[in-house]
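Have a look at start_21.pdb below; it lists PDB, C-alpha atoms.
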ATOM      1  CA  MET A   7       0.000   0.000   0.000  1.00  0.00           C
ATOM      2  CA  ILE A   8       0.936   3.648  -0.416  1.00  0.00           C
ATOM      3  CA  VAL A   9       0.134   5.785   2.614  1.00  0.00           C
ATOM      4  CA  LEU A  10      -0.214   9.569   2.394  1.00  0.00           C
ATOM      5  CA  PHE A  11       0.589  11.901   5.299  1.00  0.00           C
ATOM      6  CA  THR A  12       0.561  15.623   4.519  1.00  0.00           C
ATOM      7  CA  ASP A  13      -0.353  19.071   5.816  1.00  0.00           C
ATOM      8  CA  PHE A  14      -2.121  19.954   2.552  1.00  0.00           C
ATOM      9  CA  GLY A  15      -5.617  19.977   4.050  1.00  0.00           C
ATOM     10  CA  TRP A  16      -8.636  18.145   2.669  1.00  0.00           C
ATOM     11  CA  ASN A  17      -9.778  21.040   0.480  1.00  0.00           C
ATOM     12  CA  GLY A  18      -8.146  22.244  -2.701  1.00  0.00           C
ATOM     13  CA  PRO A  19      -6.441  20.304  -5.507  1.00  0.00           C
ATOM     14  CA  TYR A  20      -3.189  19.137  -3.904  1.00  0.00           C
ATOM     15  CA  VAL A  21      -4.183  15.744  -2.508  1.00  0.00           C
ATOM     16  CA  GLY A  22      -6.100  14.918  -5.670  1.00  0.00           C
ATOM     17  CA  GLN A  23      -3.137  15.835  -7.855  1.00  0.00           C
ATOM     18  CA  MET A  24      -0.835  13.553  -5.863  1.00  0.00           C
ATOM     19  CA  LYS A  25      -3.315  10.688  -5.995  1.00  0.00           C
ATOM     20  CA  ALA A  26      -3.741  11.122  -9.744  1.00  0.00           C
ATOM     21  CA  VAL A  27       0.016  10.634 -10.190  1.00  0.00           C
ATOM     22  CA  LEU A  28      -0.006   7.588  -7.919  1.00  0.00           C
ATOM     23  CA  ALA A  29      -2.958   6.023  -9.741  1.00  0.00           C
ATOM     24  CA  GLN A  30      -1.216   6.447 -13.104  1.00  0.00           C
ATOM     25  CA  ARG A  31       2.149   5.120 -11.992  1.00  0.00           C
ATOM     26  CA  ALA A  32       1.068   2.460  -9.519  1.00  0.00           C
ATOM     27  CA  PRO A  33      -2.276   1.110 -10.749  1.00  0.00           C
ATOM     28  CA  ASN A  34      -4.046  -1.356  -8.453  1.00  0.00           C
ATOM     29  CA  ILE A  35      -1.895  -0.349  -5.473  1.00  0.00           C
ATOM     30  CA  PRO A  36      -4.152   0.760  -2.564  1.00  0.00           C
ATOM     31  CA  ILE A  37      -3.728   4.396  -1.565  1.00  0.00           C
ATOM     32  CA  ILE A  38      -4.466   5.192   2.081  1.00  0.00           C
ATOM     33  CA  ASP A  39      -5.139   8.768   3.188  1.00  0.00           C
ATOM     34  CA  LEU A  40      -3.663   8.538   6.667  1.00  0.00           C
ATOM     35  CA  MET A  41      -4.065  12.265   7.259  1.00  0.00           C
ATOM     36  CA  HIS A  42      -3.874  15.539   5.371  1.00  0.00           C
ATOM     37  CA  ASP A  43      -4.214  17.902   8.325  1.00  0.00           C
ATOM     38  CA  ALA A  44      -0.828  17.262   9.910  1.00  0.00           C
ATOM     39  CA  PRO A  45       0.630  20.287  11.741  1.00  0.00           C
ATOM     40  CA  THR A  46       1.165  22.921   9.067  1.00  0.00           C
ATOM     41  CA  PHE A  47       4.668  24.288   8.480  1.00  0.00           C
ATOM     42  CA  SER A  48       6.024  22.165  11.372  1.00  0.00           C
ATOM     43  CA  PRO A  49       8.157  19.146  10.437  1.00  0.00           C
ATOM     44  CA  GLN A  50       9.053  18.831  14.122  1.00  0.00           C
ATOM     45  CA  ALA A  51       5.496  18.449  15.434  1.00  0.00           C
ATOM     46  CA  ALA A  52       4.584  16.262  12.455  1.00  0.00           C
ATOM     47  CA  SER A  53       7.557  14.010  13.168  1.00  0.00           C
ATOM     48  CA  TYR A  54       6.194  13.007  16.594  1.00  0.00           C
ATOM     49  CA  LEU A  55       2.718  12.516  15.168  1.00  0.00           C
ATOM     50  CA  LEU A  56       3.895  10.404  12.217  1.00  0.00           C
ATOM     51  CA  ALA A  57       6.002   8.169  14.461  1.00  0.00           C
ATOM     52  CA  SER A  58       2.986   7.470  16.671  1.00  0.00           C
ATOM     53  CA  LEU A  59       0.938   6.245  13.693  1.00  0.00           C
ATOM     54  CA  VAL A  60       3.276   3.944  11.767  1.00  0.00           C
ATOM     55  CA  ASP A  61       2.992   0.835  13.944  1.00  0.00           C
ATOM     56  CA  ASP A  62      -0.508   0.211  12.593  1.00  0.00           C
ATOM     57  CA  LEU A  63       0.704   0.237   8.989  1.00  0.00           C
ATOM     58  CA  ALA A  64       1.755  -2.827   7.019  1.00  0.00           C
ATOM     59  CA  TRP A  65       5.413  -3.676   7.519  1.00  0.00           C
ATOM     60  CA  ASP A  66       6.108  -3.199   3.795  1.00  0.00           C
ATOM     61  CA  ALA A  67       4.073  -0.028   3.344  1.00  0.00           C
ATOM     62  CA  VAL A  68       5.415   2.935   1.384  1.00  0.00           C
ATOM     63  CA  ILE A  69       4.674   6.143   3.258  1.00  0.00           C
ATOM     64  CA  CYS A  70       4.739   9.352   1.242  1.00  0.00           C
ATOM     65  CA  ALA A  71       4.931  12.105   3.859  1.00  0.00           C
ATOM     66  CA  VAL A  72       5.027  15.785   2.957  1.00  0.00           C
ATOM     67  CA  VAL A  73       5.231  18.559   5.522  1.00  0.00           C
ATOM     68  CA  ASP A  74       7.631  20.755   3.660  1.00  0.00           C
ATOM     69  CA  PRO A  75       7.727  24.494   4.368  1.00  0.00           C
ATOM     70  CA  GLY A  76      11.167  24.626   2.725  1.00  0.00           C
ATOM     71  CA  VAL A  77      10.046  23.105  -0.578  1.00  0.00           C
ATOM     72  CA  GLY A  78      12.326  24.184  -3.398  1.00  0.00           C
ATOM     73  CA  GLY A  79      15.094  25.087  -0.938  1.00  0.00           C
ATOM     74  CA  PRO A  80      18.276  23.261   0.070  1.00  0.00           C
ATOM     75  CA  ARG A  81      16.704  20.462   2.138  1.00  0.00           C
ATOM     76  CA  PRO A  82      17.323  17.098   0.420  1.00  0.00           C
ATOM     77  CA  PRO A  83      14.628  14.782  -0.903  1.00  0.00           C
ATOM     78  CA  VAL A  84      15.065  11.477   0.929  1.00  0.00           C
ATOM     79  CA  MET A  85      14.035   7.855   1.136  1.00  0.00           C
ATOM     80  CA  VAL A  86      14.115   6.416   4.644  1.00  0.00           C
ATOM     81  CA  GLU A  87      14.001   2.745   5.632  1.00  0.00           C
ATOM     82  CA  ALA A  88      12.819   1.890   9.131  1.00  0.00           C
ATOM     83  CA  ASP A  89      11.547  -1.471  10.401  1.00  0.00           C
ATOM     84  CA  GLY A  90      10.793  -2.676   6.871  1.00  0.00           C
ATOM     85  CA  ARG A  91       8.751   0.346   5.864  1.00  0.00           C
ATOM     86  CA  LYS A  92       9.912   2.903   3.323  1.00  0.00           C
ATOM     87  CA  PHE A  93       9.294   6.628   3.677  1.00  0.00           C
ATOM     88  CA  ILE A  94       9.540   9.224   0.924  1.00  0.00           C
ATOM     89  CA  GLY A  95       9.606  12.945   1.603  1.00  0.00           C
ATOM     90  CA  PRO A  96      11.706  15.965   2.545  1.00  0.00           C
ATOM     91  CA  GLY A  97      14.844  15.605   4.657  1.00  0.00           C
ATOM     92  CA  ASN A  98      13.854  18.341   7.084  1.00  0.00           C
ATOM     93  CA  GLY A  99      13.435  16.347  10.308  1.00  0.00           C
ATOM     94  CA  LEU A 100      10.038  14.899   9.398  1.00  0.00           C
ATOM     95  CA  PHE A 101      11.353  11.334   9.739  1.00  0.00           C
ATOM     96  CA  GLU A 102      13.551  11.919  12.799  1.00  0.00           C
ATOM     97  CA  MET A 103      11.242  10.217  15.303  1.00  0.00           C
ATOM     98  CA  VAL A 104      10.482   7.322  12.952  1.00  0.00           C
ATOM     99  CA  LEU A 105      14.209   6.659  12.657  1.00  0.00           C
ATOM    100  CA  ARG A 106      14.906   7.137  16.341  1.00  0.00           C
ATOM    101  CA  ARG A 107      12.198   4.697  17.408  1.00  0.00           C
ATOM    102  CA  ALA A 108      12.886   2.019  14.799  1.00  0.00           C
ATOM    103  CA  GLN A 109      13.693  -1.330  16.387  1.00  0.00           C
ATOM    104  CA  GLU A 110      15.582  -2.858  13.481  1.00  0.00           C
ATOM    105  CA  HIS A 111      17.140  -1.686  10.238  1.00  0.00           C
ATOM    106  CA  ARG A 112      17.260   2.062   9.594  1.00  0.00           C
ATOM    107  CA  ALA A 113      18.876   3.957   6.735  1.00  0.00           C
ATOM    108  CA  VAL A 114      18.589   7.319   4.972  1.00  0.00           C
ATOM    109  CA  TYR A 115      19.194   7.920   1.267  1.00  0.00           C
ATOM    110  CA  ARG A 116      19.089  10.985  -0.939  1.00  0.00           C
ATOM    111  CA  LEU A 117      17.084  10.900  -4.159  1.00  0.00           C
ATOM    112  CA  THR A 118      19.715  11.799  -6.716  1.00  0.00           C
ATOM    113  CA  ARG A 119      17.729  12.313  -9.908  1.00  0.00           C
ATOM    114  CA  ALA A 120      15.087  14.972 -10.427  1.00  0.00           C
ATOM    115  CA  PRO A 121      12.158  14.225 -12.738  1.00  0.00           C
ATOM    116  CA  VAL A 122      11.788  16.100 -16.020  1.00  0.00           C
ATOM    117  CA  ARG A 123       8.829  17.985 -14.582  1.00  0.00           C
ATOM    118  CA  LEU A 124       9.735  19.488 -11.233  1.00  0.00           C
ATOM    119  CA  SER A 125       7.975  22.618 -10.085  1.00  0.00           C
ATOM    120  CA  ALA A 126       9.654  24.737  -7.427  1.00  0.00           C
ATOM    121  CA  SER A 127       6.647  24.624  -5.111  1.00  0.00           C
ATOM    122  CA  PHE A 128       4.996  21.178  -5.443  1.00  0.00           C
ATOM    123  CA  HIS A 129       7.499  18.382  -4.895  1.00  0.00           C
ATOM    124  CA  GLY A 130       4.703  16.277  -3.403  1.00  0.00           C
ATOM    125  CA  ARG A 131       3.209  15.812  -6.863  1.00  0.00           C
ATOM    126  CA  ASP A 132       6.317  16.036  -9.016  1.00  0.00           C
ATOM    127  CA  LEU A 133       8.984  14.237  -6.980  1.00  0.00           C
ATOM    128  CA  PHE A 134       7.703  12.385  -3.934  1.00  0.00           C
ATOM    129  CA  ALA A 135       4.557  10.814  -5.424  1.00  0.00           C
ATOM    130  CA  PRO A 136       6.403   9.367  -8.448  1.00  0.00           C
ATOM    131  CA  ALA A 137       9.137   8.043  -6.158  1.00  0.00           C
ATOM    132  CA  ALA A 138       6.578   6.435  -3.840  1.00  0.00           C
ATOM    133  CA  ALA A 139       4.829   4.823  -6.803  1.00  0.00           C
ATOM    134  CA  ALA A 140       8.125   3.441  -8.098  1.00  0.00           C
ATOM    135  CA  LEU A 141       8.899   1.873  -4.721  1.00  0.00           C
ATOM    136  CA  ALA A 142       5.433   0.348  -4.476  1.00  0.00           C
ATOM    137  CA  MET A 143       5.893  -1.175  -7.945  1.00  0.00           C
ATOM    138  CA  GLY A 144       9.239  -2.702  -6.955  1.00  0.00           C
ATOM    139  CA  GLU A 145      11.318  -0.381  -9.100  1.00  0.00           C
ATOM    140  CA  THR A 146      14.801   0.817  -8.157  1.00  0.00           C
ATOM    141  CA  LEU A 147      15.221   4.486  -7.308  1.00  0.00           C
ATOM    142  CA  PRO A 148      18.366   6.525  -7.992  1.00  0.00           C
ATOM    143  CA  LEU A 149      19.728   6.807  -4.456  1.00  0.00           C
ATOM    144  CA  GLU A 150      22.893   7.542  -2.551  1.00  0.00           C
ATOM    145  CA  GLU A 151      23.463   7.191   1.161  1.00  0.00           C
ATOM    146  CA  LEU A 152      22.884  10.490   2.921  1.00  0.00           C
ATOM    147  CA  LYS A 153      25.851  11.180   5.165  1.00  0.00           C
ATOM    148  CA  ASP A 154      25.054  14.739   6.158  1.00  0.00           C
ATOM    149  CA  PRO A 155      22.945  14.965   9.331  1.00  0.00           C
ATOM    150  CA  MET A 156      19.348  16.047   8.893  1.00  0.00           C
ATOM    151  CA  PRO A 157      17.572  18.452  11.243  1.00  0.00           C
ATOM    152  CA  GLY A 158      16.069  16.927  14.350  1.00  0.00           C
ATOM    153  CA  GLY A 159      19.024  15.214  15.960  1.00  0.00           C
ATOM    154  CA  ASP A 160      18.805  17.545  18.948  1.00  0.00           C
ATOM    155  CA  TRP A 161      15.030  17.257  19.402  1.00  0.00           C
ATOM    156  CA  PRO A 162      13.864  15.706  22.704  1.00  0.00           C
ATOM    157  CA  ASP A 163      12.437  12.194  22.841  1.00  0.00           C
ATOM    158  CA  ASP A 164       9.173  13.712  24.089  1.00  0.00           C
ATOM    159  CA  LEU A 165       7.847  17.057  22.880  1.00  0.00           C
ATOM    160  CA  GLY A 166       5.993  19.070  25.509  1.00  0.00           C
ATOM    161  CA  ARG A 167       3.752  20.781  22.965  1.00  0.00           C
ATOM    162  CA  ILE A 168       0.339  20.305  21.438  1.00  0.00           C
ATOM    163  CA  ILE A 169       0.944  18.680  18.061  1.00  0.00           C
ATOM    164  CA  TYR A 170      -2.597  17.990  16.851  1.00  0.00           C
ATOM    165  CA  ILE A 171      -6.186  18.950  17.685  1.00  0.00           C
ATOM    166  CA  ASP A 172      -8.990  16.743  16.405  1.00  0.00           C
ATOM    167  CA  HIS A 173     -12.544  17.814  15.554  1.00  0.00           C
ATOM    168  CA  TYR A 174     -13.719  17.015  19.087  1.00  0.00           C
ATOM    169  CA  GLY A 175     -11.241  19.528  20.463  1.00  0.00           C
ATOM    170  CA  ASN A 176      -9.032  16.817  21.972  1.00  0.00           C
ATOM    171  CA  ALA A 177      -5.383  17.879  21.913  1.00  0.00           C
ATOM    172  CA  MET A 178      -2.536  15.429  21.328  1.00  0.00           C
ATOM    173  CA  THR A 179       0.842  16.114  22.848  1.00  0.00           C
ATOM    174  CA  GLY A 180       4.216  14.883  21.664  1.00  0.00           C
ATOM    175  CA  ILE A 181       4.730  13.041  24.967  1.00  0.00           C
ATOM    176  CA  ASN A 182       4.786   9.253  25.193  1.00  0.00           C
ATOM    177  CA  ALA A 183       2.070   8.425  27.735  1.00  0.00           C
ATOM    178  CA  ASP A 184       3.909   5.371  29.088  1.00  0.00           C
ATOM    179  CA  ARG A 185       6.587   7.633  30.534  1.00  0.00           C
ATOM    180  CA  LEU A 186       4.168   9.663  32.630  1.00  0.00           C
ATOM    181  CA  GLY A 187       2.608   7.084  34.914  1.00  0.00           C
ATOM    182  CA  ASP A 188      -0.157   8.807  36.871  1.00  0.00           C
ATOM    183  CA  ARG A 189       1.529  12.200  36.989  1.00  0.00           C
ATOM    184  CA  CYS A 190      -0.490  15.315  36.234  1.00  0.00           C
ATOM    185  CA  LEU A 191       0.094  17.607  33.274  1.00  0.00           C
ATOM    186  CA  MET A 192       0.176  21.401  33.417  1.00  0.00           C
ATOM    187  CA  VAL A 193      -1.411  23.361  30.584  1.00  0.00           C
ATOM    188  CA  GLY A 194      -1.938  27.110  30.756  1.00  0.00           C
ATOM    189  CA  GLY A 195      -1.499  27.097  34.529  1.00  0.00           C
ATOM    190  CA  LYS A 196      -4.112  24.350  34.984  1.00  0.00           C
ATOM    191  CA  ARG A 197      -3.281  21.012  36.605  1.00  0.00           C
ATOM    192  CA  LEU A 198      -4.794  18.072  34.728  1.00  0.00           C
ATOM    193  CA  PRO A 199      -5.154  14.605  36.298  1.00  0.00           C
ATOM    194  CA  ARG A 200      -4.941  11.385  34.363  1.00  0.00           C
ATOM    195  CA  GLY A 201      -7.984   9.413  33.251  1.00  0.00           C
ATOM    196  CA  ARG A 202      -8.274   6.062  31.526  1.00  0.00           C
ATOM    197  CA  THR A 203     -11.557   6.642  29.690  1.00  0.00           C
ATOM    198  CA  PHE A 204     -13.964   9.516  29.071  1.00  0.00           C
ATOM    199  CA  THR A 205     -16.189   8.213  31.874  1.00  0.00           C
ATOM    200  CA  ASP A 206     -13.540   8.603  34.586  1.00  0.00           C
ATOM    201  CA  HIS A 207     -14.308  12.289  35.126  1.00  0.00           C
ATOM    202  CA  PRO A 208     -17.583  14.247  35.132  1.00  0.00           C
ATOM    203  CA  PRO A 209     -18.787  16.282  32.125  1.00  0.00           C
ATOM    204  CA  GLY A 210     -16.896  19.528  31.717  1.00  0.00           C
ATOM    205  CA  MET A 211     -13.739  18.333  33.516  1.00  0.00           C
ATOM    206  CA  ALA A 212     -10.355  18.527  31.790  1.00  0.00           C
ATOM    207  CA  PHE A 213      -7.914  15.623  32.087  1.00  0.00           C
ATOM    208  CA  TRP A 214      -5.319  13.733  30.090  1.00  0.00           C
ATOM    209  CA  TYR A 215      -5.278  10.126  28.962  1.00  0.00           C
ATOM    210  CA  ALA A 216      -3.152   7.718  26.925  1.00  0.00           C
ATOM    211  CA  ASN A 217      -4.664   7.782  23.451  1.00  0.00           C
ATOM    212  CA  SER A 218      -4.810   4.898  21.005  1.00  0.00           C
ATOM    213  CA  CYS A 219      -1.475   5.964  19.454  1.00  0.00           C
ATOM    214  CA  GLY A 220       0.347   5.931  22.797  1.00  0.00           C
ATOM    215  CA  LEU A 221       0.544   9.704  23.173  1.00  0.00           C
ATOM    216  CA  ALA A 222      -0.683  11.780  26.096  1.00  0.00           C
ATOM    217  CA  GLU A 223      -3.839  13.535  24.926  1.00  0.00           C
ATOM    218  CA  ILE A 224      -5.795  16.284  26.665  1.00  0.00           C
ATOM    219  CA  ALA A 225      -9.576  16.125  26.694  1.00  0.00           C
ATOM    220  CA  VAL A 226     -12.668  17.506  28.381  1.00  0.00           C
ATOM    221  CA  THR A 227     -15.461  15.060  29.124  1.00  0.00           C
ATOM    222  CA  GLN A 228     -18.235  15.829  26.623  1.00  0.00           C
ATOM    223  CA  GLY A 229     -16.522  19.077  25.701  1.00  0.00           C
ATOM    224  CA  SER A 230     -13.655  20.677  23.796  1.00  0.00           C
ATOM    225  CA  ALA A 231     -10.281  20.878  25.517  1.00  0.00           C
ATOM    226  CA  ALA A 232      -9.042  23.251  22.824  1.00  0.00           C
ATOM    227  CA  HIS A 233     -11.861  25.696  23.552  1.00  0.00           C
ATOM    228  CA  MET A 234     -11.925  25.343  27.340  1.00  0.00           C
ATOM    229  CA  LEU A 235      -8.136  25.548  27.802  1.00  0.00           C
ATOM    230  CA  ASP A 236      -7.437  27.899  24.866  1.00  0.00           C
ATOM    231  CA  LEU A 237      -5.152  25.380  23.169  1.00  0.00           C
ATOM    232  CA  GLU A 238      -3.624  25.548  19.723  1.00  0.00           C
ATOM    233  CA  HIS A 239      -0.823  23.829  17.847  1.00  0.00           C
ATOM    234  CA  GLY A 240       2.390  24.564  19.702  1.00  0.00           C
ATOM    235  CA  SER A 241       0.807  25.278  23.107  1.00  0.00           C
ATOM    236  CA  ALA A 242       3.209  24.293  25.891  1.00  0.00           C
ATOM    237  CA  VAL A 243       2.583  21.226  28.082  1.00  0.00           C
ATOM    238  CA  SER A 244       4.655  20.344  31.143  1.00  0.00           C
ATOM    239  CA  LEU A 245       4.685  17.876  34.026  1.00  0.00           C
ATOM    240  CA  ALA A 246       3.059  18.993  37.256  1.00  0.00           C
TER     241      ALA A 246
END
Please rewrite the model in this file as structure tokens.
Amino acid sequence: MIVLFTDFGWNGPYVGQMKAVLAQRAPNIPIIDLMHDAPTFSPQAASYLLASLVDDLAWDAVICAVVDPGVGGPRPPVMVEADGRKFIGPGNGLFEMVLRRAQEHRAVYRLTRAPVRLSASFHGRDLFAPAAAALAMGETLPLEELKDPMPGGDWPDDLGRIIYIDHYGNAMTGINADRLGDRCLMVGGKRLPRGRTFTDHPPGMAFWYANSCGLAEIAVTQGSAAHMLDLEHGSAVSLA
């Protein structure tokens, strides 16, 4: 399968244009829209989110991930191998957490050949989608081992920030929930206890819980944590 992870949004032509390229070049290969509302302009936040989602993907999946505010600039286009999966996208730190958390083989390669058609502003369509299709079809890409370090090597293992807010107003953090135990989180000067399910606390109460991806997520029972706590992407989260 080919899995798409972008910050393009669900409106507009960009996702459709990428999928049109994939359908032409990799017919009969399933295309999965994992998400298209990843944190915009933030490879760092998206890196923690992407890493939390990959364990549920097939071991031989090709993940085409594009959160690329520096498109057309000096950042390299890369192919990453981690635990059997292959990732195509910009070398701007987006794959840092995937690489760091891989249990087995990991490697990073630079794509060395540009396609004939390569716009300055849409490498998702012109470079990354064709490369992902080629991998899914078992073709060999023009690659060389990337020896220069990519951004992200100095990022913490857990990011004390809000990295995603869903349509319920629940707010994911970049913190691995297993490392917190029953400790409280502090958000905007408010102390939030832990809960296991949405029935552990009364309606209107804010708390945090371990979400299905293993991240600490902030919620309000039958309400919006984003609205009640004035949260947005990048809001700080700390341990109480």
Legend entry - Selection: 6 Å around region 8-21 of chain A, all atoms listed in the file, excl. self and same-chain fewer than 3 positions, as an MDAnalysis selection string: chainID A and resid 24 37:44 46 68:73
Just the selected residues (C-alpha atoms), exported as a short mmCIF file (atom, residue, chain, number, x, y, z; two decimals), keeping the file's coordinate frame, please.
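Below is the file that was written, out-v8.cif:
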data_model
loop_
_atom_site.label_atom_id
_atom_site.label_comp_id
_atom_site.auth_asym_id
_atom_site.auth_seq_id
_atom_site.Cartn_x
_atom_site.Cartn_y
_atom_site.Cartn_z
CA MET A 24 -0.84 13.55 -5.86
CA ILE A 37 -3.73 4.40 -1.56
CA ILE A 38 -4.47 5.19 2.08
CA ASP A 39 -5.14 8.77 3.19
CA LEU A 40 -3.66 8.54 6.67
CA MET A 41 -4.07 12.26 7.26
CA HIS A 42 -3.87 15.54 5.37
CA ASP A 43 -4.21 17.90 8.32
CA ALA A 44 -0.83 17.26 9.91
CA THR A 46 1.16 22.92 9.07
CA VAL A 68 5.42 2.94 1.38
CA ILE A 69 4.67 6.14 3.26
CA CYS A 70 4.74 9.35 1.24
CA ALA A 71 4.93 12.10 3.86
CA VAL A 72 5.03 15.78 2.96
CA VAL A 73 5.23 18.56 5.52
#
Inset, instruction - Rounded to one decimal place, report the CA of Asp62 (chain A)-CA of Lys92 (chain A) distance in Å. - result: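 These atoms are spaced 14.2 Å apart.
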Legend entry - Shell of 10 Å around region 223-239 of chain A, only C-alpha atoms, local chain residues under 3 positions omitted, as a ChimeraX atom specification: /A:45-46,48,51,167-183,191,193-196,198-201,203-220,242-243
Go ahead and write the selection's residues with C-alpha atoms as a PDB file, keeping the file's coordinate frame.
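again.pdb, freshly written:
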ATOM      1  CA  PRO A  45       0.630  20.287  11.741  1.00  0.00           C
ATOM      2  CA  THR A  46       1.165  22.921   9.067  1.00  0.00           C
ATOM      3  CA  SER A  48       6.024  22.165  11.372  1.00  0.00           C
ATOM      4  CA  ALA A  51       5.496  18.449  15.434  1.00  0.00           C
ATOM      5  CA  ARG A 167       3.752  20.781  22.965  1.00  0.00           C
ATOM      6  CA  ILE A 168       0.339  20.305  21.438  1.00  0.00           C
ATOM      7  CA  ILE A 169       0.944  18.680  18.061  1.00  0.00           C
ATOM      8  CA  TYR A 170      -2.597  17.990  16.851  1.00  0.00           C
ATOM      9  CA  ILE A 171      -6.186  18.950  17.685  1.00  0.00           C
ATOM     10  CA  ASP A 172      -8.990  16.743  16.405  1.00  0.00           C
ATOM     11  CA  HIS A 173     -12.544  17.814  15.554  1.00  0.00           C
ATOM     12  CA  TYR A 174     -13.719  17.015  19.087  1.00  0.00           C
ATOM     13  CA  GLY A 175     -11.241  19.528  20.463  1.00  0.00           C
ATOM     14  CA  ASN A 176      -9.032  16.817  21.972  1.00  0.00           C
ATOM     15  CA  ALA A 177      -5.383  17.879  21.913  1.00  0.00           C
ATOM     16  CA  MET A 178      -2.536  15.429  21.328  1.00  0.00           C
ATOM     17  CA  THR A 179       0.842  16.114  22.848  1.00  0.00           C
ATOM     18  CA  GLY A 180       4.216  14.883  21.664  1.00  0.00           C
ATOM     19  CA  ILE A 181       4.730  13.041  24.967  1.00  0.00           C
ATOM     20  CA  ASN A 182       4.786   9.253  25.193  1.00  0.00           C
ATOM     21  CA  ALA A 183       2.070   8.425  27.735  1.00  0.00           C
ATOM     22  CA  LEU A 191       0.094  17.607  33.274  1.00  0.00           C
ATOM     23  CA  VAL A 193      -1.411  23.361  30.584  1.00  0.00           C
ATOM     24  CA  GLY A 194      -1.938  27.110  30.756  1.00  0.00           C
ATOM     25  CA  GLY A 195      -1.499  27.097  34.529  1.00  0.00           C
ATOM     26  CA  LYS A 196      -4.112  24.350  34.984  1.00  0.00           C
ATOM     27  CA  LEU A 198      -4.794  18.072  34.728  1.00  0.00           C
ATOM     28  CA  PRO A 199      -5.154  14.605  36.298  1.00  0.00           C
ATOM     29  CA  ARG A 200      -4.941  11.385  34.363  1.00  0.00           C
ATOM     30  CA  GLY A 201      -7.984   9.413  33.251  1.00  0.00           C
ATOM     31  CA  THR A 203     -11.557   6.642  29.690  1.00  0.00           C
ATOM     32  CA  PHE A 204     -13.964   9.516  29.071  1.00  0.00           C
ATOM     33  CA  THR A 205     -16.189   8.213  31.874  1.00  0.00           C
ATOM     34  CA  ASP A 206     -13.540   8.603  34.586  1.00  0.00           C
ATOM     35  CA  HIS A 207     -14.308  12.289  35.126  1.00  0.00           C
ATOM     36  CA  PRO A 208     -17.583  14.247  35.132  1.00  0.00           C
ATOM     37  CA  PRO A 209     -18.787  16.282  32.125  1.00  0.00           C
ATOM     38  CA  GLY A 210     -16.896  19.528  31.717  1.00  0.00           C
ATOM     39  CA  MET A 211     -13.739  18.333  33.516  1.00  0.00           C
ATOM     40  CA  ALA A 212     -10.355  18.527  31.790  1.00  0.00           C
ATOM     41  CA  PHE A 213      -7.914  15.623  32.087  1.00  0.00           C
ATOM     42  CA  TRP A 214      -5.319  13.733  30.090  1.00  0.00           C
ATOM     43  CA  TYR A 215      -5.278  10.126  28.962  1.00  0.00           C
ATOM     44  CA  ALA A 216      -3.152   7.718  26.925  1.00  0.00           C
ATOM     45  CA  ASN A 217      -4.664   7.782  23.451  1.00  0.00           C
ATOM     46  CA  SER A 218      -4.810   4.898  21.005  1.00  0.00           C
ATOM     47  CA  CYS A 219      -1.475   5.964  19.454  1.00  0.00           C
ATOM     48  CA  GLY A 220       0.347   5.931  22.797  1.00  0.00           C
ATOM     49  CA  ALA A 242       3.209  24.293  25.891  1.00  0.00           C
ATOM     50  CA  VAL A 243       2.583  21.226  28.082  1.00  0.00           C
TER      51      VAL A 243
END
Inset, instruction - Skip Val86 (chain A) itself and residues of its chain fewer than 2 positions away, then list as a ChimeraX atom specification all residues within 6 Å of it, counting all atoms listed in the file. - result: /A:92-93,113-114
Inset, instruction - For region 136-146 of chain A, list every protein, DNA or RNA residue within 6 Å, evaluated using all atoms listed in the file, and leave out those in the same chain fewer than 6 positions away; present the list as a list of chain:residue names. - result: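 Counting only the stated atoms, we get A:Leu28, A:Arg31, A:Ala32.
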Inset, instruction - Select, from A:Asn98, A:Ser241, A:Ser127, A:Asn34, the residue with the minimum atom-to-atom distance to Gly158 (chain A), counting all atoms listed in the file. - result: A:Asn98
Legend entry - Expected selection from the PyMOL selection byres ((chain A and resi 105) around 9), given as a ChimeraX atom specification: /A:57,86-89,101-104,106-109,112-114
What would the file look like if the residues just selected were written as a PDB file, in the frame of the given file with C-alpha atoms?
ATOM      1  CA  ALA A  57       6.002   8.169  14.461  1.00  0.00           C
ATOM      2  CA  VAL A  86      14.115   6.416   4.644  1.00  0.00           C
ATOM      3  CA  GLU A  87      14.001   2.745   5.632  1.00  0.00           C
ATOM      4  CA  ALA A  88      12.819   1.890   9.131  1.00  0.00           C
ATOM      5  CA  ASP A  89      11.547  -1.471  10.401  1.00  0.00           C
ATOM      6  CA  PHE A 101      11.353  11.334   9.739  1.00  0.00           C
ATOM      7  CA  GLU A 102      13.551  11.919  12.799  1.00  0.00           C
ATOM      8  CA  MET A 103      11.242  10.217  15.303  1.00  0.00           C
ATOM      9  CA  VAL A 104      10.482   7.322  12.952  1.00  0.00           C
ATOM     10  CA  ARG A 106      14.906   7.137  16.341  1.00  0.00           C
ATOM     11  CA  ARG A 107      12.198   4.697  17.408  1.00  0.00           C
ATOM     12  CA  ALA A 108      12.886   2.019  14.799  1.00  0.00           C
ATOM     13  CA  GLN A 109      13.693  -1.330  16.387  1.00  0.00           C
ATOM     14  CA  ARG A 112      17.260   2.062   9.594  1.00  0.00           C
ATOM     15  CA  ALA A 113      18.876   3.957   6.735  1.00  0.00           C
ATOM     16  CA  VAL A 114      18.589   7.319   4.972  1.00  0.00           C
TER      17      VAL A 114
END
Legend entry - Shell of 12 Å around Ala126 (chain A), all atoms listed in the file, local chain residues under 6 positions omitted, as number ranges by chain: A: 74-80, 120, 132-133
Inset, instruction - Can you work out the spacing between CA of Gly166 (chain A) and CA of Leu221 (chain A) in Å, to one decimal? - result: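 Going from CA of Gly166 (chain A) over to CA of Leu221 (chain A) covers 11.1 Å.
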Inset, instruction - Run the PyMOL selection byres ((chain A and resi 65) around 8) on the file and write out the hits as a list of chain:residue names. - result: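 Going through the file, the PyMOL selection byres ((chain A and resi 65) around 8) ends up selecting A:Leu63, A:Ala64, A:Asp66, A:Ala67, A:Asp89, A:Gly90, A:Arg91.
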